[in-house]
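Student: Structure supplied as start_11.cif; contents: mmCIF, N, CA and C atoms.
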data_final
loop_
_atom_site.group_PDB
_atom_site.id
_atom_site.type_symbol
_atom_site.label_atom_id
_atom_site.label_comp_id
_atom_site.auth_asym_id
_atom_site.auth_seq_id
_atom_site.Cartn_x
_atom_site.Cartn_y
_atom_site.Cartn_z
ATOM 1 N N MET A 1 54.978 76.544 99.941
ATOM 2 C CA MET A 1 56.071 77.438 99.605
ATOM 3 C C MET A 1 55.715 78.202 98.340
ATOM 4 N N ASN A 2 55.991 79.488 98.349
ATOM 5 C CA ASN A 2 55.673 80.347 97.218
ATOM 6 C C ASN A 2 56.761 80.239 96.165
ATOM 7 N N LYS A 3 56.409 79.765 94.979
ATOM 8 C CA LYS A 3 57.392 79.607 93.909
ATOM 9 C C LYS A 3 57.600 80.898 93.132
ATOM 10 N N ASN A 4 56.747 81.903 93.333
ATOM 11 C CA ASN A 4 56.879 83.186 92.639
ATOM 12 C C ASN A 4 57.699 84.163 93.476
ATOM 13 N N ARG A 5 58.866 83.733 93.887
ATOM 14 C CA ARG A 5 59.727 84.591 94.706
ATOM 15 C C ARG A 5 60.445 85.597 93.830
ATOM 16 N N ASN A 6 60.653 86.763 94.379
ATOM 17 C CA ASN A 6 61.360 87.807 93.661
ATOM 18 C C ASN A 6 62.755 87.943 94.275
ATOM 19 N N PRO A 7 63.800 87.512 93.562
ATOM 20 C CA PRO A 7 65.148 87.577 94.135
ATOM 21 C C PRO A 7 65.658 88.999 94.326
ATOM 22 N N LEU A 8 65.082 89.966 93.618
ATOM 23 C CA LEU A 8 65.528 91.352 93.777
ATOM 24 C C LEU A 8 65.267 91.876 95.180
ATOM 25 N N ALA A 9 64.238 91.373 95.831
ATOM 26 C CA ALA A 9 63.927 91.822 97.182
ATOM 27 C C ALA A 9 65.043 91.431 98.146
ATOM 28 N N LEU A 10 65.496 90.209 98.063
ATOM 29 C CA LEU A 10 66.571 89.756 98.935
ATOM 30 C C LEU A 10 67.889 90.435 98.574
ATOM 31 N N VAL A 11 68.138 90.633 97.299
ATOM 32 C CA VAL A 11 69.360 91.315 96.866
ATOM 33 C C VAL A 11 69.361 92.763 97.357
ATOM 34 N N ALA A 12 68.211 93.430 97.314
ATOM 35 C CA ALA A 12 68.115 94.807 97.811
ATOM 36 C C ALA A 12 68.453 94.867 99.291
ATOM 37 N N PHE A 13 67.961 93.902 100.053
ATOM 38 C CA PHE A 13 68.258 93.852 101.483
ATOM 39 C C PHE A 13 69.749 93.633 101.731
ATOM 40 N N ILE A 14 70.343 92.686 101.034
ATOM 41 C CA ILE A 14 71.757 92.355 101.254
ATOM 42 C C ILE A 14 72.653 93.513 100.820
ATOM 43 N N VAL A 15 72.371 94.105 99.666
ATOM 44 C CA VAL A 15 73.193 95.222 99.190
ATOM 45 C C VAL A 15 73.053 96.425 100.122
ATOM 46 N N GLY A 16 71.859 96.694 100.604
ATOM 47 C CA GLY A 16 71.673 97.792 101.557
ATOM 48 C C GLY A 16 72.417 97.551 102.850
ATOM 49 N N LEU A 17 72.417 96.313 103.311
ATOM 50 C CA LEU A 17 73.131 95.976 104.544
ATOM 51 C C LEU A 17 74.636 96.128 104.364
ATOM 52 N N ILE A 18 75.161 95.657 103.263
ATOM 53 C CA ILE A 18 76.595 95.801 102.981
ATOM 54 C C ILE A 18 76.950 97.279 102.831
ATOM 55 N N GLY A 19 76.091 98.049 102.169
ATOM 56 C CA GLY A 19 76.340 99.482 102.010
ATOM 57 C C GLY A 19 76.359 100.223 103.331
ATOM 58 N N SER A 20 75.589 99.756 104.302
ATOM 59 C CA SER A 20 75.593 100.391 105.616
ATOM 60 C C SER A 20 76.850 100.054 106.402
ATOM 61 N N LEU A 21 77.477 98.939 106.091
ATOM 62 C CA LEU A 21 78.663 98.514 106.830
ATOM 63 C C LEU A 21 79.972 98.998 106.224
ATOM 64 N N ILE A 22 79.984 99.305 104.932
ATOM 65 C CA ILE A 22 81.202 99.754 104.256
ATOM 66 C C ILE A 22 81.048 101.236 103.935
ATOM 67 N N PRO A 23 81.753 102.102 104.650
ATOM 68 C CA PRO A 23 81.527 103.541 104.485
ATOM 69 C C PRO A 23 81.847 104.076 103.090
ATOM 70 N N LEU A 24 82.911 103.623 102.463
ATOM 71 C CA LEU A 24 83.303 104.198 101.179
ATOM 72 C C LEU A 24 82.343 103.840 100.047
ATOM 73 N N LEU A 25 81.766 102.669 100.107
ATOM 74 C CA LEU A 25 80.833 102.241 99.067
ATOM 75 C C LEU A 25 79.379 102.460 99.465
ATOM 76 N N GLY A 26 79.153 103.046 100.624
ATOM 77 C CA GLY A 26 77.806 103.172 101.167
ATOM 78 C C GLY A 26 76.844 103.925 100.282
ATOM 79 N N ILE A 27 77.286 105.012 99.686
ATOM 80 C CA ILE A 27 76.400 105.815 98.842
ATOM 81 C C ILE A 27 75.981 105.024 97.609
ATOM 82 N N VAL A 28 76.941 104.433 96.943
ATOM 83 C CA VAL A 28 76.643 103.697 95.705
ATOM 84 C C VAL A 28 75.770 102.480 95.999
ATOM 85 N N LEU A 29 76.167 101.708 97.007
ATOM 86 C CA LEU A 29 75.384 100.515 97.330
ATOM 87 C C LEU A 29 74.017 100.882 97.900
ATOM 88 N N GLY A 30 73.936 102.002 98.600
ATOM 89 C CA GLY A 30 72.637 102.469 99.096
ATOM 90 C C GLY A 30 71.692 102.802 97.963
ATOM 91 N N LEU A 31 72.209 103.488 96.941
ATOM 92 C CA LEU A 31 71.376 103.802 95.777
ATOM 93 C C LEU A 31 70.955 102.537 95.037
ATOM 94 N N VAL A 32 71.863 101.583 94.925
ATOM 95 C CA VAL A 32 71.529 100.316 94.264
ATOM 96 C C VAL A 32 70.435 99.589 95.042
ATOM 97 N N ALA A 33 70.546 99.582 96.370
ATOM 98 C CA ALA A 33 69.536 98.913 97.198
ATOM 99 C C ALA A 33 68.173 99.583 97.058
ATOM 100 N N ILE A 34 68.152 100.897 96.987
ATOM 101 C CA ILE A 34 66.881 101.621 96.832
ATOM 102 C C ILE A 34 66.240 101.285 95.494
ATOM 103 N N VAL A 35 67.028 101.291 94.447
ATOM 104 C CA VAL A 35 66.490 100.994 93.105
ATOM 105 C C VAL A 35 65.996 99.554 93.029
ATOM 106 N N LEU A 36 66.791 98.606 93.528
ATOM 107 C CA LEU A 36 66.375 97.196 93.472
ATOM 108 C C LEU A 36 65.138 96.947 94.326
ATOM 109 N N GLY A 37 65.068 97.586 95.491
ATOM 110 C CA GLY A 37 63.890 97.437 96.343
ATOM 111 C C GLY A 37 62.641 98.002 95.699
ATOM 112 N N ALA A 38 62.794 99.142 95.015
ATOM 113 C CA ALA A 38 61.645 99.739 94.333
ATOM 114 C C ALA A 38 61.187 98.873 93.163
ATOM 115 N N ILE A 39 62.133 98.313 92.435
ATOM 116 C CA ILE A 39 61.773 97.423 91.318
ATOM 117 C C ILE A 39 61.061 96.182 91.847
ATOM 118 N N ALA A 40 61.557 95.639 92.962
ATOM 119 C CA ALA A 40 60.932 94.445 93.534
ATOM 120 C C ALA A 40 59.519 94.749 94.037
ATOM 121 N N LEU A 41 59.306 95.949 94.573
ATOM 122 C CA LEU A 41 57.963 96.303 95.063
ATOM 123 C C LEU A 41 56.953 96.485 93.935
ATOM 124 N N ARG A 42 57.433 96.797 92.747
ATOM 125 C CA ARG A 42 56.519 96.993 91.615
ATOM 126 C C ARG A 42 55.943 95.682 91.092
ATOM 127 N N ASP A 43 56.533 94.562 91.481
ATOM 128 C CA ASP A 43 56.035 93.257 91.052
ATOM 129 C C ASP A 43 54.657 93.010 91.663
ATOM 130 N N LYS A 44 53.687 92.707 90.832
ATOM 131 C CA LYS A 44 52.310 92.543 91.306
ATOM 132 C C LYS A 44 52.094 91.250 92.087
ATOM 133 N N GLU A 45 52.890 90.250 91.827
ATOM 134 C CA GLU A 45 52.719 88.963 92.491
ATOM 135 C C GLU A 45 53.762 88.757 93.586
ATOM 136 N N ILE A 46 54.168 89.815 94.223
ATOM 137 C CA ILE A 46 55.196 89.715 95.250
ATOM 138 C C ILE A 46 54.578 89.148 96.530
ATOM 139 N N GLY A 47 55.330 88.274 97.175
ATOM 140 C CA GLY A 47 54.855 87.681 98.419
ATOM 141 C C GLY A 47 55.095 88.605 99.605
ATOM 142 N N LYS A 48 54.552 88.232 100.740
ATOM 143 C CA LYS A 48 54.670 89.057 101.937
ATOM 144 C C LYS A 48 56.128 89.179 102.384
ATOM 145 N N ASN A 49 56.864 88.076 102.380
ATOM 146 C CA ASN A 49 58.270 88.119 102.790
ATOM 147 C C ASN A 49 59.102 88.959 101.833
ATOM 148 N N ASP A 50 58.829 88.842 100.539
ATOM 149 C CA ASP A 50 59.563 89.641 99.567
ATOM 150 C C ASP A 50 59.264 91.125 99.738
ATOM 151 N N LYS A 51 58.028 91.459 100.062
ATOM 152 C CA LYS A 51 57.666 92.851 100.284
ATOM 153 C C LYS A 51 58.421 93.408 101.490
ATOM 154 N N VAL A 52 58.523 92.601 102.537
ATOM 155 C CA VAL A 52 59.251 93.028 103.738
ATOM 156 C C VAL A 52 60.729 93.235 103.418
ATOM 157 N N PHE A 53 61.345 92.300 102.699
ATOM 158 C CA PHE A 53 62.750 92.448 102.330
ATOM 159 C C PHE A 53 62.963 93.673 101.443
ATOM 160 N N SER A 54 62.027 93.952 100.551
ATOM 161 C CA SER A 54 62.143 95.124 99.684
ATOM 162 C C SER A 54 62.110 96.417 100.489
ATOM 163 N N ILE A 55 61.169 96.506 101.402
ATOM 164 C CA ILE A 55 61.032 97.725 102.209
ATOM 165 C C ILE A 55 62.246 97.894 103.117
ATOM 166 N N ILE A 56 62.694 96.811 103.742
ATOM 167 C CA ILE A 56 63.884 96.907 104.592
ATOM 168 C C ILE A 56 65.109 97.263 103.758
ATOM 169 N N GLY A 57 65.220 96.727 102.554
ATOM 170 C CA GLY A 57 66.338 97.070 101.672
ATOM 171 C C GLY A 57 66.345 98.545 101.317
ATOM 172 N N ILE A 58 65.166 99.109 101.073
ATOM 173 C CA ILE A 58 65.082 100.539 100.763
ATOM 174 C C ILE A 58 65.483 101.371 101.981
ATOM 175 N N VAL A 59 64.966 101.019 103.140
ATOM 176 C CA VAL A 59 65.262 101.782 104.358
ATOM 177 C C VAL A 59 66.744 101.675 104.718
ATOM 178 N N VAL A 60 67.288 100.464 104.663
ATOM 179 C CA VAL A 60 68.699 100.282 104.993
ATOM 180 C C VAL A 60 69.580 100.939 103.931
ATOM 181 N N GLY A 61 69.118 101.017 102.695
ATOM 182 C CA GLY A 61 69.857 101.721 101.653
ATOM 183 C C GLY A 61 69.876 103.229 101.857
ATOM 184 N N LEU A 62 68.861 103.760 102.528
ATOM 185 C CA LEU A 62 68.826 105.195 102.814
ATOM 186 C C LEU A 62 69.770 105.596 103.943
ATOM 187 N N VAL A 63 70.109 104.657 104.811
ATOM 188 C CA VAL A 63 70.933 104.968 105.987
ATOM 189 C C VAL A 63 72.287 105.575 105.609
ATOM 190 N N PRO A 64 73.095 104.946 104.734
ATOM 191 C CA PRO A 64 74.399 105.565 104.438
ATOM 192 C C PRO A 64 74.277 106.902 103.712
ATOM 193 N N ILE A 65 73.209 107.085 102.940
ATOM 194 C CA ILE A 65 73.028 108.356 102.242
ATOM 195 C C ILE A 65 72.746 109.466 103.244
ATOM 196 N N PHE A 66 71.830 109.211 104.186
ATOM 197 C CA PHE A 66 71.553 110.204 105.217
ATOM 198 C C PHE A 66 72.768 110.423 106.110
ATOM 199 N N TRP A 67 73.518 109.367 106.383
ATOM 200 C CA TRP A 67 74.704 109.477 107.212
ATOM 201 C C TRP A 67 75.697 110.471 106.599
ATOM 202 N N VAL A 68 75.961 110.327 105.316
ATOM 203 C CA VAL A 68 76.918 111.214 104.649
ATOM 204 C C VAL A 68 76.364 112.628 104.544
ATOM 205 N N LEU A 69 75.093 112.756 104.192
ATOM 206 C CA LEU A 69 74.511 114.095 104.063
ATOM 207 C C LEU A 69 74.421 114.821 105.396
ATOM 208 N N TRP A 70 74.254 114.102 106.478
ATOM 209 C CA TRP A 70 74.121 114.732 107.790
ATOM 210 C C TRP A 70 75.474 115.035 108.420
ATOM 211 N N PHE A 71 76.401 114.067 108.391
ATOM 212 C CA PHE A 71 77.636 114.226 109.143
ATOM 213 C C PHE A 71 78.758 114.913 108.381
ATOM 214 N N THR A 72 78.710 114.976 107.063
ATOM 215 C CA THR A 72 79.762 115.678 106.336
ATOM 216 C C THR A 72 79.735 117.176 106.623
ATOM 217 N N PRO A 73 78.599 117.867 106.539
ATOM 218 C CA PRO A 73 78.622 119.297 106.892
ATOM 219 C C PRO A 73 78.947 119.536 108.365
ATOM 220 N N VAL A 74 78.517 118.658 109.245
ATOM 221 C CA VAL A 74 78.797 118.826 110.672
ATOM 222 C C VAL A 74 80.289 118.671 110.937
ATOM 223 N N SER A 75 80.926 117.691 110.309
ATOM 224 C CA SER A 75 82.356 117.493 110.539
ATOM 225 C C SER A 75 83.172 118.619 109.910
ATOM 226 N N MET A 76 82.747 119.146 108.779
ATOM 227 C CA MET A 76 83.449 120.276 108.165
ATOM 228 C C MET A 76 83.304 121.527 109.025
ATOM 229 N N GLU A 77 82.180 121.649 109.697
ATOM 230 C CA GLU A 77 81.935 122.811 110.533
ATOM 231 C C GLU A 77 82.800 122.777 111.786
ATOM 232 N N THR A 78 82.991 121.616 112.357
ATOM 233 C CA THR A 78 83.750 121.526 113.598
ATOM 234 C C THR A 78 85.249 121.522 113.357
ATOM 235 N N THR A 79 85.710 120.888 112.295
ATOM 236 C CA THR A 79 87.146 120.820 112.066
ATOM 237 C C THR A 79 87.639 121.971 111.210
ATOM 238 N N GLY A 80 86.847 122.406 110.268
ATOM 239 C CA GLY A 80 87.257 123.495 109.389
ATOM 240 C C GLY A 80 88.216 123.007 108.320
ATOM 241 N N PRO A 81 88.508 123.857 107.377
ATOM 242 C CA PRO A 81 89.431 123.460 106.312
ATOM 243 C C PRO A 81 90.867 123.393 106.833
ATOM 244 N N VAL A 82 91.666 122.601 106.186
ATOM 245 C CA VAL A 82 93.070 122.463 106.566
ATOM 246 C C VAL A 82 93.839 123.628 105.966
ATOM 247 N N GLU A 83 94.596 124.323 106.814
ATOM 248 C CA GLU A 83 95.378 125.463 106.340
ATOM 249 C C GLU A 83 96.857 125.189 106.579
ATOM 250 N N ILE A 84 97.651 125.504 105.596
ATOM 251 C CA ILE A 84 99.095 125.358 105.714
ATOM 252 C C ILE A 84 99.704 126.717 105.421
ATOM 253 N N ASN A 85 100.512 127.181 106.332
ATOM 254 C CA ASN A 85 101.161 128.462 106.138
ATOM 255 C C ASN A 85 102.474 128.219 105.401
ATOM 256 N N VAL A 86 102.491 128.491 104.109
ATOM 257 C CA VAL A 86 103.635 128.187 103.265
ATOM 258 C C VAL A 86 104.799 129.099 103.585
ATOM 259 N N VAL A 87 104.549 130.325 103.992
ATOM 260 C CA VAL A 87 105.617 131.272 104.283
ATOM 261 C C VAL A 87 106.478 130.765 105.435
ATOM 262 N N GLU A 88 105.844 130.239 106.475
ATOM 263 C CA GLU A 88 106.611 129.729 107.609
ATOM 264 C C GLU A 88 107.430 128.514 107.223
ATOM 265 N N ILE A 89 106.905 127.669 106.374
ATOM 266 C CA ILE A 89 107.651 126.487 105.958
ATOM 267 C C ILE A 89 108.867 126.894 105.142
ATOM 268 N N ASN A 90 108.712 127.839 104.232
ATOM 269 C CA ASN A 90 109.833 128.270 103.398
ATOM 270 C C ASN A 90 110.911 128.981 104.230
ATOM 271 N N GLN A 91 110.543 129.708 105.244
ATOM 272 C CA GLN A 91 111.524 130.417 106.063
ATOM 273 C C GLN A 91 112.283 129.463 106.984
ATOM 274 N N SER A 92 111.672 128.359 107.337
ATOM 275 C CA SER A 92 112.329 127.442 108.251
ATOM 276 C C SER A 92 113.339 126.553 107.558
ATOM 277 N N VAL A 93 113.327 126.480 106.254
ATOM 278 C CA VAL A 93 114.274 125.662 105.510
ATOM 279 C C VAL A 93 115.460 126.546 105.122
ATOM 280 N N GLU A 94 116.661 126.081 105.448
ATOM 281 C CA GLU A 94 117.847 126.856 105.111
ATOM 282 C C GLU A 94 118.178 126.673 103.637
ATOM 283 N N PRO A 95 118.581 127.760 102.990
ATOM 284 C CA PRO A 95 118.937 127.632 101.566
ATOM 285 C C PRO A 95 120.236 126.856 101.402
ATOM 286 N N LEU A 96 120.339 126.135 100.296
ATOM 287 C CA LEU A 96 121.552 125.381 99.994
ATOM 288 C C LEU A 96 122.568 126.313 99.334
ATOM 289 N N THR A 97 123.770 126.321 99.857
ATOM 290 C CA THR A 97 124.816 127.146 99.248
ATOM 291 C C THR A 97 125.904 126.221 98.711
ATOM 292 N N PRO A 98 126.342 126.449 97.501
ATOM 293 C CA PRO A 98 127.380 125.565 96.930
ATOM 294 C C PRO A 98 128.765 125.876 97.460
#
Show how you would write the structure in this file as structure tokens.

Tutor:
Amino acid sequence: MNKNRNPLALVAFIVGLIGSLIPLLGIVLGLVAIVLGAIALRDKEIGKNDKVFSIIGIVVGLVPIFWVLWFTPVSMETTGPVEINVVEINQSVEPLTP
């Protein structure tokens, strides 16, 4: 058993996985997973399993970032901005008379 394990590699994998499953925190957790995975890869005495977890953590951390960058413009293009016609709303309400 390798005693020189790097816990950042496993943390990068777990944080990236959680970031892919939770849409609102995906960007932040994805960035954290990328940074932790890169730090873990810089370790010179990293084992094979830790290297795999680091790379998977980086890749899984990129998923929510690409998801938001790809689908936000597409969804804005198909739905368009929300428009409210204030004039029609004001005309439909009867004025209060004392």

Student: Excluding Gly37 in chain A and residues on its chain fewer than 5 positions from it, collect all residues at most 6.5 Å away from it, counting only N, CA and C atoms, and give them as a PyMOL selection string.

Tutor: chain A and resi 8-9+12+32+42+53-55+57-58

Student: Considering all atoms listed in the file, return as number ranges by chain whatever protein or nucleic-acid residues lie within 8 Å of Gly47 in chain A, sequence-local ones (same chain, fewer than 3 positions apart) excluded.

Tutor: A: 2, 4-6, 43-44, 50-53

Student: Which distance in Å separates atom C of Ile56 in chain A and atom C of Val15 in chain A, to one decimal?

Tutor: 8.8 Å

Student: What is the distance, in Å and to one decimal place, between atom N of Leu69 in chain A and CA of Ser20 in chain A?

Tutor: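 Value for the atom N of Leu69 in chain A-CA of Ser20 in chain A distance: 12.5 Å.
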
Student: Could you work out how far atom C of Ala38 in chain A lies from atom C of Phe71 in chain A, giving the answer in Å with one decimal?

Tutor: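 Taking atom C of Phe71 in chain A and atom C of Ala38 in chain A, their separation equals 28.2 Å.
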
Student: Just checking: using only N, CA and C atoms, which residue out of A:Gly61, A:Thr72, A:Glu45, A:Ala40 ends up closest to Leu10 in chain A?

Tutor: A:Ala40

Student: Would you place a box with edges along x, y and z of the file around all atoms of range 20-33 of chain A listed there, add 6 Å to each of its six sides, and report the centre and edge lengths in Å to one decimal, as AutoDock Vina command-line options?

Tutor:
--center_x 75.7 --center_y 102.2 --center_z 100.5 --size_x 27.1 --size_y 19.3 --size_z 24.6

Student: Restricting the calculation to all atoms listed in the file: of A:Ile65, A:Thr97, A:Trp70, A:Ile46, which residue gets closest to Val28 in chain A?

Tutor: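 Among A:Ile65, A:Thr97, A:Trp70, A:Ile46, it is A:Ile65 that comes nearest to Val28 in chain A.
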
Student: Which residue, A:Leu62, A:Pro7, A:Lys48, A:Leu41, has the smallest gap to Leu29 in chain A when you use only C-alpha atoms?

Tutor: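 Selected residue with least distance to Leu29 in chain A: A:Leu62.
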
Student: Using all atoms listed in the file for the distances, tell me which of A:Asn49, A:Val35, A:Val68, A:Gly30 is nearest to Leu17 in chain A.

Tutor: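 Closest to Leu17 in chain A, using all atoms listed in the file: A:Gly30.
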
Student: For Ile39 in chain A, which of A:Leu24, A:Val60, A:Val11, A:Trp67 is the closest residue, counting only C-alpha atoms?

Tutor: A:Val11
